[in-house]
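Taking it in order: structure first as structure tokens, then the write-up.
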Amino acid sequence: MVPDLPALVDEIATTMQAMEDRGQVASYIPELAKVDPAQFGIAIATADGRLLVGGDADTGFSIQSISKVFALTLALGKVGDQLWDRVGREPSGNAFNSIVQLEQEQGIPRNPFINAGAIVVSDVNLGGHQPRVAIGEMLRFVRYLAGDDAIAINEEVAASETATGFRNMALANYMRAFGNVRHPVDLVLGSYFHQCAIEMNCRQLALAGRYLMLDGRHPDGGRVVSPGRARRINALMLTCGHYDASGDFAFRVGIPGKSGVGGGILAIVPGRASIAVWSPGLNENGNSQLGTQALELLARRTGWSVFSPPDAR
Ligand code: GLN
């Protein structure tokens, strides 16, 4: 099936812009609570080099937990499979900021995409340096992936979360007690909050995700990760990328995706497309309400799914 993608992107943007039930903007990070919910953007970077955009695709938003995909990629580059001694690879079945499993599982978070797991990944990426070194490395990495040096951190969002991130402080301190956070907690969280506060628009995010549709290759010909590693990151996005709604996302959309409380979702159709959608209103699981609906519609119309034979997509 070869869909008319430009027409479909327009249709999805128009449909989503007209929706009345848009979910609730995240309010626990005060800076995010200020974002106007009446926005929707979509961008699709295709494997054959096209970039299709619709709606508010040029408006920047806080990528929040989508940064966990890029942070995981960097951490695997630093310590390889040793990372899995400190972080699991199972869906948590709990909220993104849950603390309950950590006690039973001795400070080893279920996966790198819940907050606890991402904090361990930040600890790994710090590697004995100051947060500004790790943050600089992360920013250079996403700029390289997207081919866009304008990508920056929103310092107000980082400060807002630093001032109010008590749950994350609890998670980090708790894991430090188990020895699974090794740097001082304020340094680890400084790095984590800044990574979450990276601001990108849909266009930049879809471009940054291309290596995951291209079996680990950067479109300029360089290699970001091995094919096996790209597949495993996609597998984790599918099984853990939407927290306790990951099963529902796989059922409804059927492609790997990673959401953030800023309302963005990065979704990957291996061999086909890297897709970014954004709408700030969240559903009860903290995932973009219209972003999820938009991806569901896109997958239905295109036939894109990791569960269908390649010739059907
Ligand atoms: N920075 C946010 C937090 O740690 C990220 C959560 C998310 O996007 N789901 O709470």
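Please note that chains go A, B, ... in the order of the structure tokens, that every chain numbers its residues from 1, and that ligands are numbered from 1 in the order shown.
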
Hey, which bits of chain A sit within 8 Å of ligand 1, and for each residue what's the closest pair of atoms and how far apart in Å (one decimal), counting only C-alpha atoms and all ligand atoms, rows by chain and increasing number, as CSV?
```
residue,atom,partner,partner_atom_place_in_ligand_line,distance
A:Ile29,CA,ligand 1,10 (O),7.8
A:Ile63,CA,ligand 1,8 (O),7.3
A:Gln64,CA,ligand 1,8 (O),4.3
A:Ser65,CA,ligand 1,8 (O),3.6
A:Ile66,CA,ligand 1,8 (O),6.8
A:Phe96,CA,ligand 1,9 (N),5.7
A:Asn97,CA,ligand 1,10 (O),6.4
A:Ile114,CA,ligand 1,9 (N),7.4
A:Asn115,CA,ligand 1,4 (O),5.6
A:Glu161,CA,ligand 1,1 (N),7.0
A:Gly165,CA,ligand 1,10 (O),7.0
A:Arg167,CA,ligand 1,10 (O),7.9
A:Asn168,CA,ligand 1,4 (O),6.2
A:Tyr192,CA,ligand 1,1 (N),7.5
A:Phe193,CA,ligand 1,1 (N),5.9
A:Cys196,CA,ligand 1,1 (N),5.1
A:Ala197,CA,ligand 1,1 (N),7.3
A:Ser259,CA,ligand 1,8 (O),6.7
A:Gly260,CA,ligand 1,8 (O),3.5
A:Val261,CA,ligand 1,8 (O),3.8
A:Gly262,CA,ligand 1,8 (O),6.4
A:Gly286,CA,ligand 1,9 (N),6.5
A:Asn287,CA,ligand 1,9 (N),7.6
```

Report task. Output as number ranges by chain all residues of segment 57-292 of chain A that backbone DSSP marks as alpha helix (DSSP H). Result -> A: 67-79, 100-104, 115-126, 131-146, 155-164, 166-177, 185-196, 202-208, 210-213, 227-240, 246-252, 289-292

Write the residues of the preceding selection, restricted to C-alpha atoms, as a compact mmCIF listing (two decimals), in the first residue's frame.
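Saved result, part-v1.txt, follows:
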```txt
# COMPACT_ATOMS: atom_id res chain seq x y z
CA SER A 67 14.86 12.21 25.74
CA LYS A 68 15.14 8.81 27.47
CA VAL A 69 15.52 7.17 24.04
CA PHE A 70 18.54 9.33 23.20
CA ALA A 71 19.98 8.98 26.72
CA LEU A 72 19.67 5.19 26.53
CA THR A 73 21.42 5.20 23.15
CA LEU A 74 24.34 7.17 24.65
CA ALA A 75 24.54 4.98 27.77
CA LEU A 76 24.64 1.78 25.72
CA GLY A 77 27.47 3.34 23.72
CA LYS A 78 29.39 3.96 26.97
CA VAL A 79 28.89 0.75 28.94
CA VAL A 100 6.63 0.91 44.64
CA GLN A 101 8.54 -1.67 42.59
CA LEU A 102 11.93 -0.30 43.60
CA GLU A 103 11.75 -1.68 47.13
CA GLN A 104 10.76 -5.17 46.07
CA ASN A 115 11.74 7.74 35.58
CA ALA A 116 13.71 5.52 37.94
CA GLY A 117 15.38 3.73 35.02
CA ALA A 118 16.13 6.99 33.24
CA ILE A 119 17.74 8.38 36.40
CA VAL A 120 20.10 5.37 36.48
CA VAL A 121 20.85 6.00 32.79
CA SER A 122 21.66 9.64 33.66
CA ASP A 123 23.98 8.38 36.40
CA VAL A 124 25.78 6.23 33.81
CA ASN A 125 25.99 9.12 31.34
CA LEU A 126 27.48 11.42 33.99
CA PRO A 131 26.33 17.73 34.71
CA ARG A 132 27.20 20.42 32.15
CA VAL A 133 29.55 17.98 30.39
CA ALA A 134 26.87 15.26 30.17
CA ILE A 135 24.21 17.77 29.14
CA GLY A 136 26.52 19.19 26.46
CA GLU A 137 27.14 15.71 25.12
CA MET A 138 23.40 14.97 24.99
CA LEU A 139 22.66 18.23 23.19
CA ARG A 140 25.42 17.61 20.63
CA PHE A 141 24.04 14.12 20.06
CA VAL A 142 20.44 15.19 19.34
CA ARG A 143 21.69 18.06 17.15
CA TYR A 144 23.77 15.58 15.15
CA LEU A 145 20.85 13.15 14.85
CA ALA A 146 18.46 15.87 13.66
CA GLU A 155 16.22 26.62 31.09
CA GLU A 156 12.90 27.74 32.58
CA VAL A 157 11.49 24.22 32.24
CA ALA A 158 14.64 22.71 33.77
CA ALA A 159 14.48 25.18 36.69
CA SER A 160 10.77 24.55 37.13
CA GLU A 161 11.31 20.82 37.44
CA THR A 162 14.36 21.24 39.68
CA ALA A 163 12.21 23.28 42.06
CA THR A 164 9.33 20.81 42.16
CA PHE A 166 10.31 15.85 44.71
CA ARG A 167 9.23 12.42 43.45
CA ASN A 168 12.28 12.18 41.23
CA MET A 169 14.45 13.21 44.19
CA ALA A 170 12.85 10.43 46.21
CA LEU A 171 13.49 7.89 43.44
CA ALA A 172 17.11 8.97 43.06
CA ASN A 173 17.82 8.96 46.79
CA TYR A 174 16.19 5.59 47.18
CA MET A 175 18.31 4.07 44.44
CA ARG A 176 21.40 5.74 45.91
CA ALA A 177 20.66 3.84 49.13
CA VAL A 185 21.81 12.88 43.63
CA ASP A 186 21.70 16.61 42.83
CA LEU A 187 24.21 16.14 40.01
CA VAL A 188 22.34 13.18 38.53
CA LEU A 189 19.01 14.99 38.66
CA GLY A 190 20.55 18.21 37.34
CA SER A 191 21.58 16.25 34.30
CA TYR A 192 18.24 14.37 34.05
CA PHE A 193 16.05 17.50 34.35
CA HIS A 194 18.07 19.34 31.69
CA GLN A 195 17.86 16.40 29.31
CA CYS A 196 14.05 16.35 29.78
CA CYS A 202 8.00 17.85 15.41
CA ARG A 203 10.20 18.40 12.38
CA GLN A 204 13.41 18.17 14.44
CA LEU A 205 12.17 15.20 16.46
CA ALA A 206 11.16 13.15 13.42
CA LEU A 207 14.59 13.84 11.90
CA ALA A 208 16.35 12.88 15.16
CA ARG A 210 15.70 8.47 11.68
CA TYR A 211 18.52 6.21 12.91
CA LEU A 212 15.91 3.99 14.55
CA MET A 213 14.04 3.45 11.27
CA PRO A 227 21.49 -2.83 13.67
CA GLY A 228 20.96 -5.14 16.65
CA ARG A 229 21.05 -2.22 19.09
CA ALA A 230 18.59 -0.18 17.02
CA ARG A 231 16.17 -3.14 17.01
CA ARG A 232 16.47 -3.54 20.76
CA ILE A 233 15.83 0.15 21.41
CA ASN A 234 12.74 -0.15 19.20
CA ALA A 235 11.68 -3.25 21.15
CA LEU A 236 11.93 -1.33 24.42
CA MET A 237 9.95 1.56 22.94
CA LEU A 238 7.19 -0.85 21.98
CA THR A 239 7.08 -2.68 25.30
CA CYS A 240 7.87 0.17 27.72
CA SER A 246 2.35 0.40 26.54
CA GLY A 247 0.17 -2.63 25.81
CA ASP A 248 -2.71 -0.43 24.77
CA PHE A 249 -0.45 1.61 22.48
CA ALA A 250 0.92 -1.57 20.85
CA PHE A 251 -2.66 -2.80 20.39
CA ARG A 252 -4.00 0.45 18.97
CA GLN A 289 -4.25 12.14 23.96
CA LEU A 290 -4.42 13.50 20.41
CA GLY A 291 -0.91 12.31 19.61
CA THR A 292 -1.99 8.73 20.31
```

Query raised in the report: So what do you get for atom CA of Ser274 of chain A versus atom CA of Gly209 of chain A, distance-wise?
Result: 5.6 Å

Query raised in the report: Residues of segment 31-211 of chain A in strand (DSSP E or B) according to DSSP, as an NGL selection string?
Result: :A and (41-46 or 51-55 or 61-62 or 152-153 or 198-200)

Query raised in the report: Which of these residues is nearest to Phe40 of chain A, using only C-alpha atoms: A:Gln17, A:Gln293, A:Gln24, A:Ser92?
Result: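 Among A:Gln17, A:Gln293, A:Gln24, A:Ser92, it is A:Gln17 that comes nearest to Phe40 of chain A.
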
Query raised in the report: So which residues touch Ala273 of chain A within 12 Å, counting only C-alpha atoms, skipping near sequence neighbours fewer than 6 positions away, as JSON, numbers by chain?
Result: {"A": [5, 43, 44, 45, 46, 47, 48, 49, 50, 51, 52, 206, 207, 208, 209, 210, 211, 212, 213, 214, 215, 255, 256, 257, 266, 267, 298, 299, 302, 304, 305, 306, 313]}

Could those residues be written to a file, using C-alpha atoms, as a short mmCIF file (atom, residue, chain, number, x, y, z; two decimals), in the first residue's frame?
```cif
data_model
loop_
_atom_site.label_atom_id
_atom_site.label_comp_id
_atom_site.auth_asym_id
_atom_site.auth_seq_id
_atom_site.Cartn_x
_atom_site.Cartn_y
_atom_site.Cartn_z
CA LEU A 5 1.21 10.79 2.61
CA ALA A 43 6.08 15.39 11.04
CA ILE A 44 7.01 12.24 9.14
CA ALA A 45 10.57 11.60 7.97
CA THR A 46 10.49 8.76 5.45
CA ALA A 47 13.23 6.24 4.68
CA ASP A 48 13.37 7.60 1.13
CA GLY A 49 14.34 11.03 2.47
CA ARG A 50 11.08 12.99 2.44
CA LEU A 51 9.85 15.13 5.32
CA LEU A 52 6.11 15.75 5.55
CA ALA A 206 11.16 13.15 13.42
CA LEU A 207 14.59 13.84 11.90
CA ALA A 208 16.35 12.88 15.16
CA GLY A 209 14.56 9.49 15.16
CA ARG A 210 15.70 8.47 11.68
CA TYR A 211 18.52 6.21 12.91
CA LEU A 212 15.91 3.99 14.55
CA MET A 213 14.04 3.45 11.27
CA LEU A 214 17.31 2.92 9.38
CA ASP A 215 18.65 -0.01 11.43
CA ILE A 255 4.63 0.48 16.19
CA PRO A 256 7.38 1.39 18.70
CA GLY A 257 6.70 4.76 20.35
CA LEU A 266 8.28 9.71 18.71
CA ALA A 267 7.15 6.64 16.76
CA LEU A 298 -1.98 7.09 10.60
CA ALA A 299 -1.28 3.40 11.25
CA THR A 302 -1.07 3.36 5.94
CA TRP A 304 2.15 0.54 9.00
CA SER A 305 2.64 -1.95 11.81
CA VAL A 306 5.49 -4.08 13.11
CA ARG A 313 3.26 -1.93 4.62
#
```

Query raised in the report: Using only C-alpha atoms, which of the listed residues (A:Phe178, A:Asn94, A:Val253, A:Asn283) sits closest to Arg301 of chain A?
Result: A:Val253

Query raised in the report: Taking only C-alpha atoms into account, which of A:Val53, A:Leu8, A:Val87, A:Ile198 comes nearest Val277 of chain A?
Result: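 Looking at the shortest contact to Val277 of chain A, the residue is A:Val53.
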
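In terms of minimum interatomic distance to Pro280 of chain A, A:Lys34 ranks closest within A:Arg182, A:Arg223, A:Lys34, A:Arg89, counting only C-alpha atoms.
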
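When atom CA of Ile153 of chain A is paired with atom CA of Ile42 of chain A, their separation reads 21.0 Å.
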
Query raised in the report: Can you tell me how far atom CA of Gly221 of chain A sits from atom CA of Met200 of chain A, in Å to one decimal?
Result: 23.3 Å

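Distances to Val35 of chain A were evaluated for A:Gly179, A:Gly128, A:Thr59, A:Asp149 using only C-alpha atoms, and the minimum falls at A:Thr59.
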
Report task. Could you tell me which of A:Asn180, A:Ser62, A:Gln39, A:Ser308 comes closest to Trp84 of chain A if we count only C-alpha atoms? Result ->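 Distance minimum relative to Trp84 of chain A lands on A:Asn180.
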